[in-house]
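For reference, the structure is listed below as structure tokens.
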Amino acid sequence: MYLDLLRHYVGSVQHALTRAPGDEARLAQEAINNGAETVVAVGGDGTWGRVADQIVTSGAGVRLATFPSGTGNDFGRNLGLAYEGPKRAVRALVAGRVRRVDVGRVASASAPDELAGHADNYRARYFLNVVGFGFDVAVIDAAAGARFLRGAALYKLTAVQQLFRYPGIEPAVASASGAGHVGRHLIVTISNGRFFGGGFPIAPGASVDDGLLHACLIKDAGPFRRAMLLSRAERGHHVAEPEADLISDRCFTVRFPEAGPPCRFEIDGDVYVSSVPTVEVEVLRSALEVIVP
């Protein structure tokens, strides 16, 4: 559908299809090397994040257009990309309105979960939307085996399951200004934008062009208190709860015990493994141009 519409409204376009996880990065790099001025990524947060990572890494000044066809699409929500069908998305591309947005960077070397253990796969990563530790990784792991649900319904179902199964994490989190926390937590997110997890406004005051990252730290609790916190988070009301702390800053560190297992976290919905127990996350202001309505 998108390809036919692009040909109708734009004319000749070069396109390629992914055939395996991670193909987005390779195809985006090929497009950049071939002189593309705009890369159109059809998918969700993971696809868009991997393409953006290649664009920012290249330094080529290529624009990104995001067409929603994924599970979460939270970065699109952050930009107000509530397209009513593919035709409106393509028309927005043709109109060519651009917004310059911030990009996050996980400075610590990490590798995709499925490629961990091979030294060549570890490097710094750029992200569009969020880095998450703890509960959201457990939800992604559980959702990976689902067959019949997609989108927000899938996230909500798997999240309810993990309320009773997930053991929690014990990181030490610190910001550039010195604010931070230690202790047992249900989840720690470091957001560039407002939404994550299929529409949860986890950082209600965030904007993708404010030059800051926004950490949300939610302390652990029993299953039924977790359920209440999750319900409140669905509407952005978790910020008033005593278990929740929000910190806005330019960079953060999240440190895990050195004796523990390798640190796993999610970047824009995909799971990565860090090569070190301390993960450093920072913001790059106005680092990417994105096509918007």
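Chain lettering (A, B, ...) mirrors the order of the structure tokens, residue numbering begins at 1 for each chain separately, and ligand numbering begins at 1 in order of display.
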
Would you list the contacts of range 95-97 of chain A as a tab-separated table (two decimals) with C-alpha atoms, in the first residue's frame, taking every protein, DNA or RNA residue within 8 Å and counting only C-alpha atoms, but skipping same-chain residues closer than 2 positions in sequence?
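Output file selection_16.tsv is given in full below:
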```tsv
chain	number	residue	atom	x	y	z
A	91	ARG	CA	0.85	13.28	1.61
A	92	ALA	CA	2.74	14.56	4.67
A	93	LEU	CA	5.95	13.27	3.12
A	99	ARG	CA	10.90	19.12	12.52
A	291	ILE	CA	9.14	14.64	8.31
A	292	VAL	CA	5.97	15.62	10.21
A	293	PRO	CA	2.37	16.59	9.27
```

For this session: Please provide the set of residues having any atom within 6 Å of range 250-255 of chain A, restricted to only C-alpha atoms, with same-chain residues fewer than 5 positions apart removed, written as a PyMOL selection string.
Result: chain A and resi 171-176+212-213+277-283

Could you take the residues named above and write them with N, CA and C atoms, as a short mmCIF file (atom, residue, chain, number, x, y, z; two decimals), in the first residue's frame?
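Below is the file that was written, out.cif:
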```cif
data_model
loop_
_atom_site.label_atom_id
_atom_site.label_comp_id
_atom_site.auth_asym_id
_atom_site.auth_seq_id
_atom_site.Cartn_x
_atom_site.Cartn_y
_atom_site.Cartn_z
N PRO A 171 19.20 -1.14 40.53
CA PRO A 171 20.23 -0.28 39.96
C PRO A 171 20.52 0.93 40.83
N ALA A 172 21.64 1.58 40.57
CA ALA A 172 21.94 2.90 41.13
C ALA A 172 21.87 3.88 39.97
N VAL A 173 20.96 4.84 40.07
CA VAL A 173 20.73 5.78 38.97
C VAL A 173 21.18 7.17 39.40
N ALA A 174 21.95 7.85 38.54
CA ALA A 174 22.41 9.20 38.84
C ALA A 174 22.32 10.06 37.60
N SER A 175 22.02 11.35 37.80
CA SER A 175 21.96 12.29 36.69
C SER A 175 23.18 13.20 36.73
N ALA A 176 23.35 14.01 35.69
CA ALA A 176 24.50 14.90 35.61
C ALA A 176 24.53 15.90 36.76
N LEU A 212 16.52 17.72 26.68
CA LEU A 212 16.68 16.98 27.92
C LEU A 212 16.22 15.54 27.75
N LEU A 213 16.71 14.69 28.64
CA LEU A 213 16.16 13.36 28.83
C LEU A 213 15.37 13.36 30.14
N PRO A 277 28.81 -2.99 33.43
CA PRO A 277 27.68 -2.89 34.37
C PRO A 277 27.10 -1.49 34.50
N THR A 278 27.79 -0.46 34.01
CA THR A 278 27.28 0.91 34.08
C THR A 278 26.91 1.40 32.68
N VAL A 279 25.65 1.77 32.51
CA VAL A 279 25.15 2.24 31.22
C VAL A 279 25.03 3.76 31.28
N GLU A 280 25.67 4.44 30.33
CA GLU A 280 25.63 5.90 30.26
C GLU A 280 24.72 6.33 29.12
N VAL A 281 23.80 7.26 29.43
CA VAL A 281 22.82 7.72 28.46
C VAL A 281 22.85 9.24 28.42
N GLU A 282 22.89 9.81 27.20
CA GLU A 282 22.98 11.26 27.05
C GLU A 282 22.10 11.72 25.90
N VAL A 283 21.85 13.03 25.82
CA VAL A 283 21.01 13.59 24.77
C VAL A 283 21.87 14.39 23.80
#
```

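By only C-alpha atoms, and with residues fewer than 5 positions from Ala119 in chain A along its chain excluded, the set lying at most 12 Å from it is Ala109, Ser110, Ala111, Pro112, Val273, Ser274 and Ser275 of chain A.
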
Would you save the residues from that selection as a PDB file, in the first residue's frame, using N, CA and C atoms?
```
ATOM      1  N   ALA A 109      29.041   0.699  25.295  1.00  0.00           N
ATOM      2  CA  ALA A 109      28.937  -0.267  24.203  1.00  0.00           C
ATOM      3  C   ALA A 109      27.913  -1.339  24.543  1.00  0.00           C
ATOM      4  N   SER A 110      27.044  -1.634  23.567  1.00  0.00           N
ATOM      5  CA  SER A 110      26.034  -2.671  23.749  1.00  0.00           C
ATOM      6  C   SER A 110      25.818  -3.384  22.424  1.00  0.00           C
ATOM      7  N   ALA A 111      25.194  -4.557  22.514  1.00  0.00           N
ATOM      8  CA  ALA A 111      24.903  -5.370  21.336  1.00  0.00           C
ATOM      9  C   ALA A 111      23.457  -5.821  21.385  1.00  0.00           C
ATOM     10  N   PRO A 112      22.824  -6.031  20.222  1.00  0.00           N
ATOM     11  CA  PRO A 112      21.482  -6.628  20.232  1.00  0.00           C
ATOM     12  C   PRO A 112      21.482  -7.940  20.992  1.00  0.00           C
ATOM     13  N   VAL A 273      22.198  -5.822  25.180  1.00  0.00           N
ATOM     14  CA  VAL A 273      23.012  -6.267  26.310  1.00  0.00           C
ATOM     15  C   VAL A 273      24.234  -5.377  26.390  1.00  0.00           C
ATOM     16  N   SER A 274      24.505  -4.836  27.578  1.00  0.00           N
ATOM     17  CA  SER A 274      25.660  -3.962  27.761  1.00  0.00           C
ATOM     18  C   SER A 274      26.919  -4.778  28.017  1.00  0.00           C
ATOM     19  N   SER A 275      28.053  -4.244  27.562  1.00  0.00           N
ATOM     20  CA  SER A 275      29.335  -4.902  27.804  1.00  0.00           C
ATOM     21  C   SER A 275      29.895  -4.558  29.176  1.00  0.00           C
TER      22      SER A 275
END
```

For this session: Could you please determine the separation between CA of Ala203 in chain A and CA of Asp245 in chain A in Å, to one decimal place?
Result: 10.3 Å

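The two atoms in question, CA of Gln29 in chain A and CA of Val131 in chain A, are spaced 22.8 Å apart.
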
For this session: Within 9 Å of Ala65 in chain A, counting only C-alpha atoms, which residues show up once you throw out same-chain ones fewer than 3 positions away? Write them as a PyMOL selection string, please.
Result: chain A and resi 38-42+48+93+289-292

Taking 5 positions as the minimum chain separation for residues in the same chain, which residues sit within 8 Å of range 152-168 of chain A when counting only C-alpha atoms? Answer as a PDB file with all heavy atoms, in the first residue's frame.
```
ATOM      1  N   THR A  71       4.276  -2.279  16.410  1.00  0.00           N
ATOM      2  CA  THR A  71       3.579  -2.634  17.635  1.00  0.00           C
ATOM      3  C   THR A  71       3.308  -1.427  18.512  1.00  0.00           C
ATOM      4  O   THR A  71       2.187  -1.218  18.980  1.00  0.00           O
ATOM      5  CB  THR A  71       4.396  -3.676  18.414  1.00  0.00           C
ATOM      6  OG1 THR A  71       4.623  -4.807  17.582  1.00  0.00           O
ATOM      7  CG2 THR A  71       3.648  -4.115  19.660  1.00  0.00           C
ATOM      8  N   GLY A  72       4.340  -0.601  18.752  1.00  0.00           N
ATOM      9  CA  GLY A  72       4.177   0.494  19.685  1.00  0.00           C
ATOM     10  C   GLY A  72       3.892   1.837  19.032  1.00  0.00           C
ATOM     11  O   GLY A  72       2.937   2.527  19.349  1.00  0.00           O
ATOM     12  N   GLY A 134      14.377  -3.069  33.362  1.00  0.00           N
ATOM     13  CA  GLY A 134      13.501  -3.715  34.324  1.00  0.00           C
ATOM     14  C   GLY A 134      12.226  -4.258  33.724  1.00  0.00           C
ATOM     15  O   GLY A 134      12.241  -5.077  32.805  1.00  0.00           O
ATOM     16  N   PHE A 135      11.096  -3.779  34.240  1.00  0.00           N
ATOM     17  CA  PHE A 135       9.799  -4.356  33.923  1.00  0.00           C
ATOM     18  C   PHE A 135       9.503  -4.364  32.425  1.00  0.00           C
ATOM     19  O   PHE A 135       8.949  -5.320  31.897  1.00  0.00           O
ATOM     20  CB  PHE A 135       8.715  -3.578  34.669  1.00  0.00           C
ATOM     21  CG  PHE A 135       7.329  -4.127  34.512  1.00  0.00           C
ATOM     22  CD1 PHE A 135       6.948  -5.282  35.170  1.00  0.00           C
ATOM     23  CD2 PHE A 135       6.398  -3.482  33.706  1.00  0.00           C
ATOM     24  CE1 PHE A 135       5.663  -5.790  35.037  1.00  0.00           C
ATOM     25  CE2 PHE A 135       5.114  -3.977  33.571  1.00  0.00           C
ATOM     26  CZ  PHE A 135       4.742  -5.140  34.232  1.00  0.00           C
ATOM     27  N   ASP A 136       9.859  -3.282  31.718  1.00  0.00           N
ATOM     28  CA  ASP A 136       9.526  -3.226  30.294  1.00  0.00           C
ATOM     29  C   ASP A 136      10.300  -4.262  29.492  1.00  0.00           C
ATOM     30  O   ASP A 136       9.808  -4.780  28.484  1.00  0.00           O
ATOM     31  CB  ASP A 136       9.716  -1.828  29.717  1.00  0.00           C
ATOM     32  CG  ASP A 136      11.085  -1.251  29.965  1.00  0.00           C
ATOM     33  OD1 ASP A 136      11.765  -1.722  30.887  1.00  0.00           O
ATOM     34  OD2 ASP A 136      11.478  -0.315  29.238  1.00  0.00           O
ATOM     35  N   ALA A 138      11.077  -7.239  30.663  1.00  0.00           N
ATOM     36  CA  ALA A 138      10.332  -8.471  30.924  1.00  0.00           C
ATOM     37  C   ALA A 138       9.079  -8.547  30.060  1.00  0.00           C
ATOM     38  O   ALA A 138       8.713  -9.616  29.560  1.00  0.00           O
ATOM     39  CB  ALA A 138       9.967  -8.552  32.408  1.00  0.00           C
ATOM     40  N   VAL A 139       8.408  -7.421  29.865  1.00  0.00           N
ATOM     41  CA  VAL A 139       7.207  -7.389  29.026  1.00  0.00           C
ATOM     42  C   VAL A 139       7.562  -7.676  27.572  1.00  0.00           C
ATOM     43  O   VAL A 139       6.869  -8.429  26.883  1.00  0.00           O
ATOM     44  CB  VAL A 139       6.494  -6.029  29.163  1.00  0.00           C
ATOM     45  CG1 VAL A 139       5.369  -5.899  28.138  1.00  0.00           C
ATOM     46  CG2 VAL A 139       5.943  -5.863  30.571  1.00  0.00           C
ATOM     47  N   ILE A 140       8.659  -7.088  27.088  1.00  0.00           N
ATOM     48  CA  ILE A 140       9.095  -7.339  25.703  1.00  0.00           C
ATOM     49  C   ILE A 140       9.432  -8.813  25.522  1.00  0.00           C
ATOM     50  O   ILE A 140       9.060  -9.435  24.518  1.00  0.00           O
ATOM     51  CB  ILE A 140      10.298  -6.450  25.358  1.00  0.00           C
ATOM     52  CG1 ILE A 140       9.862  -4.989  25.277  1.00  0.00           C
ATOM     53  CG2 ILE A 140      10.933  -6.882  24.032  1.00  0.00           C
ATOM     54  CD1 ILE A 140      11.001  -4.017  25.187  1.00  0.00           C
ATOM     55  N   ALA A 142       8.233 -11.347  27.147  1.00  0.00           N
ATOM     56  CA  ALA A 142       6.996 -12.122  27.155  1.00  0.00           C
ATOM     57  C   ALA A 142       6.191 -11.905  25.880  1.00  0.00           C
ATOM     58  O   ALA A 142       5.596 -12.837  25.336  1.00  0.00           O
ATOM     59  CB  ALA A 142       6.153 -11.756  28.379  1.00  0.00           C
ATOM     60  N   ALA A 143       6.199 -10.662  25.374  1.00  0.00           N
ATOM     61  CA  ALA A 143       5.419 -10.356  24.174  1.00  0.00           C
ATOM     62  C   ALA A 143       6.009 -10.998  22.924  1.00  0.00           C
ATOM     63  O   ALA A 143       5.289 -11.222  21.944  1.00  0.00           O
ATOM     64  CB  ALA A 143       5.330  -8.847  23.984  1.00  0.00           C
ATOM     65  N   ALA A 146       4.086 -13.959  21.675  1.00  0.00           N
ATOM     66  CA  ALA A 146       2.650 -13.853  21.408  1.00  0.00           C
ATOM     67  C   ALA A 146       2.358 -14.030  19.923  1.00  0.00           C
ATOM     68  O   ALA A 146       3.136 -13.608  19.072  1.00  0.00           O
ATOM     69  CB  ALA A 146       2.129 -12.499  21.887  1.00  0.00           C
ATOM     70  N   ARG A 184      15.583  -1.130  45.263  1.00  0.00           N
ATOM     71  CA  ARG A 184      14.844  -2.032  44.395  1.00  0.00           C
ATOM     72  C   ARG A 184      13.770  -1.265  43.632  1.00  0.00           C
ATOM     73  O   ARG A 184      12.970  -0.535  44.229  1.00  0.00           O
ATOM     74  CB  ARG A 184      14.210  -3.162  45.199  1.00  0.00           C
ATOM     75  CG  ARG A 184      13.725  -4.315  44.333  1.00  0.00           C
ATOM     76  CD  ARG A 184      13.625  -5.608  45.123  1.00  0.00           C
ATOM     77  NE  ARG A 184      13.571  -6.755  44.231  1.00  0.00           N
ATOM     78  CZ  ARG A 184      14.635  -7.340  43.713  1.00  0.00           C
ATOM     79  NH1 ARG A 184      15.838  -6.877  43.999  1.00  0.00           N
ATOM     80  NH2 ARG A 184      14.526  -8.377  42.910  1.00  0.00           N
ATOM     81  N   HIS A 185      13.750  -1.461  42.309  1.00  0.00           N
ATOM     82  CA  HIS A 185      12.817  -0.755  41.449  1.00  0.00           C
ATOM     83  C   HIS A 185      12.050  -1.733  40.570  1.00  0.00           C
ATOM     84  O   HIS A 185      12.550  -2.806  40.220  1.00  0.00           O
ATOM     85  CB  HIS A 185      13.544   0.254  40.562  1.00  0.00           C
ATOM     86  CG  HIS A 185      13.975   1.492  41.289  1.00  0.00           C
ATOM     87  ND1 HIS A 185      15.048   1.505  42.155  1.00  0.00           N
ATOM     88  CD2 HIS A 185      13.466   2.756  41.294  1.00  0.00           C
ATOM     89  CE1 HIS A 185      15.195   2.722  42.661  1.00  0.00           C
ATOM     90  NE2 HIS A 185      14.248   3.501  42.148  1.00  0.00           N
ATOM     91  N   LEU A 186      10.845  -1.326  40.213  1.00  0.00           N
ATOM     92  CA  LEU A 186      10.062  -2.062  39.232  1.00  0.00           C
ATOM     93  C   LEU A 186      10.560  -1.736  37.829  1.00  0.00           C
ATOM     94  O   LEU A 186      10.726  -2.627  36.991  1.00  0.00           O
ATOM     95  CB  LEU A 186       8.582  -1.698  39.360  1.00  0.00           C
ATOM     96  CG  LEU A 186       7.622  -2.324  38.345  1.00  0.00           C
ATOM     97  CD1 LEU A 186       7.580  -3.837  38.500  1.00  0.00           C
ATOM     98  CD2 LEU A 186       6.229  -1.712  38.488  1.00  0.00           C
ATOM     99  N   ILE A 187      10.814  -0.470  37.576  1.00  0.00           N
ATOM    100  CA  ILE A 187      11.208  -0.026  36.242  1.00  0.00           C
ATOM    101  C   ILE A 187      11.974   1.284  36.330  1.00  0.00           C
ATOM    102  O   ILE A 187      11.727   2.111  37.217  1.00  0.00           O
ATOM    103  CB  ILE A 187       9.953   0.146  35.343  1.00  0.00           C
ATOM    104  CG1 ILE A 187      10.347   0.410  33.888  1.00  0.00           C
ATOM    105  CG2 ILE A 187       9.034   1.227  35.871  1.00  0.00           C
ATOM    106  CD1 ILE A 187       9.149   0.379  32.937  1.00  0.00           C
ATOM    107  N   GLY A 197       5.728   2.138  25.547  1.00  0.00           N
ATOM    108  CA  GLY A 197       4.937   0.964  25.884  1.00  0.00           C
ATOM    109  C   GLY A 197       3.575   0.907  25.237  1.00  0.00           C
ATOM    110  O   GLY A 197       2.653   0.315  25.792  1.00  0.00           O
ATOM    111  N   GLY A 198       3.413   1.512  24.048  1.00  0.00           N
ATOM    112  CA  GLY A 198       2.123   1.469  23.384  1.00  0.00           C
ATOM    113  C   GLY A 198       1.161   2.543  23.837  1.00  0.00           C
ATOM    114  O   GLY A 198      -0.047   2.339  23.812  1.00  0.00           O
ATOM    115  N   GLY A 199       1.678   3.703  24.251  1.00  0.00           N
ATOM    116  CA  GLY A 199       0.819   4.837  24.570  1.00  0.00           C
ATOM    117  C   GLY A 199       0.815   5.296  26.009  1.00  0.00           C
ATOM    118  O   GLY A 199       0.037   6.181  26.371  1.00  0.00           O
ATOM    119  N   ASP A 220       9.801  -0.684  43.498  1.00  0.00           N
ATOM    120  CA  ASP A 220       9.077  -1.945  43.420  1.00  0.00           C
ATOM    121  C   ASP A 220       7.998  -2.011  44.499  1.00  0.00           C
ATOM    122  O   ASP A 220       8.049  -1.297  45.515  1.00  0.00           O
ATOM    123  CB  ASP A 220      10.048  -3.116  43.563  1.00  0.00           C
ATOM    124  CG  ASP A 220       9.468  -4.402  42.995  1.00  0.00           C
ATOM    125  OD1 ASP A 220       8.382  -4.345  42.376  1.00  0.00           O
ATOM    126  OD2 ASP A 220      10.089  -5.457  43.168  1.00  0.00           O
ATOM    127  N   PRO A 223       2.322  -7.242  43.856  1.00  0.00           N
ATOM    128  CA  PRO A 223       1.591  -7.337  42.582  1.00  0.00           C
ATOM    129  C   PRO A 223       0.400  -6.395  42.470  1.00  0.00           C
ATOM    130  O   PRO A 223       0.197  -5.783  41.416  1.00  0.00           O
ATOM    131  CB  PRO A 223       1.155  -8.800  42.534  1.00  0.00           C
ATOM    132  CG  PRO A 223       2.148  -9.525  43.374  1.00  0.00           C
ATOM    133  CD  PRO A 223       2.515  -8.575  44.467  1.00  0.00           C
ATOM    134  N   PHE A 224      -0.382  -6.246  43.530  1.00  0.00           N
ATOM    135  CA  PHE A 224      -1.587  -5.436  43.413  1.00  0.00           C
ATOM    136  C   PHE A 224      -1.253  -3.942  43.443  1.00  0.00           C
ATOM    137  O   PHE A 224      -1.905  -3.149  42.754  1.00  0.00           O
ATOM    138  CB  PHE A 224      -2.573  -5.807  44.517  1.00  0.00           C
ATOM    139  CG  PHE A 224      -3.082  -7.212  44.371  1.00  0.00           C
ATOM    140  CD1 PHE A 224      -2.602  -8.229  45.193  1.00  0.00           C
ATOM    141  CD2 PHE A 224      -4.009  -7.532  43.391  1.00  0.00           C
ATOM    142  CE1 PHE A 224      -3.047  -9.530  45.036  1.00  0.00           C
ATOM    143  CE2 PHE A 224      -4.470  -8.833  43.233  1.00  0.00           C
ATOM    144  CZ  PHE A 224      -3.981  -9.841  44.055  1.00  0.00           C
ATOM    145  N   ARG A 226       1.601  -2.872  42.221  1.00  0.00           N
ATOM    146  CA  ARG A 226       2.136  -2.734  40.868  1.00  0.00           C
ATOM    147  C   ARG A 226       1.006  -2.477  39.871  1.00  0.00           C
ATOM    148  O   ARG A 226       1.131  -1.636  38.981  1.00  0.00           O
ATOM    149  CB  ARG A 226       2.888  -4.004  40.457  1.00  0.00           C
ATOM    150  CG  ARG A 226       4.251  -4.211  41.098  1.00  0.00           C
ATOM    151  CD  ARG A 226       4.819  -5.550  40.642  1.00  0.00           C
ATOM    152  NE  ARG A 226       6.210  -5.737  41.020  1.00  0.00           N
ATOM    153  CZ  ARG A 226       6.944  -6.794  40.655  1.00  0.00           C
ATOM    154  NH1 ARG A 226       6.381  -7.759  39.919  1.00  0.00           N
ATOM    155  NH2 ARG A 226       8.204  -6.895  41.016  1.00  0.00           N
ATOM    156  N   ALA A 227      -0.075  -3.234  40.011  1.00  0.00           N
ATOM    157  CA  ALA A 227      -1.204  -3.081  39.099  1.00  0.00           C
ATOM    158  C   ALA A 227      -1.790  -1.671  39.190  1.00  0.00           C
ATOM    159  O   ALA A 227      -2.153  -1.070  38.169  1.00  0.00           O
ATOM    160  CB  ALA A 227      -2.268  -4.122  39.406  1.00  0.00           C
TER     161      ALA A 227
END
```

Problem set entry | Who sits within 6 Å of Ala124 in chain A, only C-alpha atoms, same chain under 4 positions skipped, as a list of chain:residue names | A:Val106, A:Ala107, A:Ser108, A:Ala109

I need the residues from that last selection saved to file as a PDB file, in the first residue's frame (with all heavy atoms), if you can.
```pdb
ATOM      1  N   VAL A 106      23.115   5.990  23.858  1.00  0.00           N
ATOM      2  CA  VAL A 106      23.651   5.093  24.876  1.00  0.00           C
ATOM      3  C   VAL A 106      25.149   5.008  24.605  1.00  0.00           C
ATOM      4  O   VAL A 106      25.590   4.335  23.665  1.00  0.00           O
ATOM      5  CB  VAL A 106      22.994   3.706  24.815  1.00  0.00           C
ATOM      6  CG1 VAL A 106      23.603   2.783  25.866  1.00  0.00           C
ATOM      7  CG2 VAL A 106      21.488   3.819  25.023  1.00  0.00           C
ATOM      8  N   ALA A 107      25.928   5.729  25.397  1.00  0.00           N
ATOM      9  CA  ALA A 107      27.360   5.842  25.137  1.00  0.00           C
ATOM     10  C   ALA A 107      28.108   4.543  25.438  1.00  0.00           C
ATOM     11  O   ALA A 107      29.144   4.258  24.812  1.00  0.00           O
ATOM     12  CB  ALA A 107      27.950   6.991  25.954  1.00  0.00           C
ATOM     13  N   SER A 108      27.613   3.760  26.378  1.00  0.00           N
ATOM     14  CA  SER A 108      28.245   2.488  26.720  1.00  0.00           C
ATOM     15  C   SER A 108      28.027   1.492  25.592  1.00  0.00           C
ATOM     16  O   SER A 108      26.953   1.441  24.986  1.00  0.00           O
ATOM     17  CB  SER A 108      27.662   1.943  28.021  1.00  0.00           C
ATOM     18  OG  SER A 108      27.657   2.927  29.029  1.00  0.00           O
ATOM     19  N   ALA A 109      29.041   0.699  25.295  1.00  0.00           N
ATOM     20  CA  ALA A 109      28.937  -0.267  24.203  1.00  0.00           C
ATOM     21  C   ALA A 109      27.913  -1.339  24.543  1.00  0.00           C
ATOM     22  O   ALA A 109      27.901  -1.894  25.644  1.00  0.00           O
ATOM     23  CB  ALA A 109      30.296  -0.906  23.936  1.00  0.00           C
TER      24      ALA A 109
END
```

For this session: Choose the residue, out of A:Val130, A:Ile247, A:Ala36, A:Val239, that has the smallest atom-to-atom separation from Gly180 in chain A; count only C-alpha atoms.
Result: A:Ile247

For this session: From the DSSP assignment of the backbone, select every residue of range 67-253 of chain A that is helix (DSSP H, G or I), and format the answer as a PyMOL selection string.
Result: chain A and resi 74-78+86-95+113-115+119-121+135-143+151-163+223-234+237-240

Exercise. Contacts of Asp270 in chain A at 9 Å or less, counting only C-alpha atoms, minus same-chain residues fewer than 4 places along, as a list in words?
Worked result: Asp45, Gly46, Pro112, Asp113, Val137, Ile140, Phe265 and Glu266 of chain A

Mind dumping the selected residues with C-alpha atoms as a PDB file, in the first residue's frame?
```pdb
ATOM      1  CA  ASP A  45       9.678   2.216  17.195  1.00  0.00           C
ATOM      2  CA  GLY A  46      12.300  -0.487  16.767  1.00  0.00           C
ATOM      3  CA  PRO A 112      21.482  -6.628  20.232  1.00  0.00           C
ATOM      4  CA  ASP A 113      20.326  -9.362  22.564  1.00  0.00           C
ATOM      5  CA  VAL A 137      12.274  -5.658  29.262  1.00  0.00           C
ATOM      6  CA  ILE A 140       9.095  -7.339  25.703  1.00  0.00           C
ATOM      7  CA  PHE A 265      17.819  -3.068  28.580  1.00  0.00           C
ATOM      8  CA  GLU A 266      15.542  -1.960  25.783  1.00  0.00           C
TER       9      GLU A 266
END
```

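Put simply, CA of Gly211 in chain A is 5.1 Å away from CA of Arg285 in chain A.
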
Problem set entry | Sel. of strand (DSSP E) residues, range 78-188 of chain A, as a count of residues only | 36

Problem set entry | Which of A:Ala60, A:Met228, A:Ile169, A:Val103 sits closest to Arg264 in chain A [using only C-alpha atoms] | A:Ile169
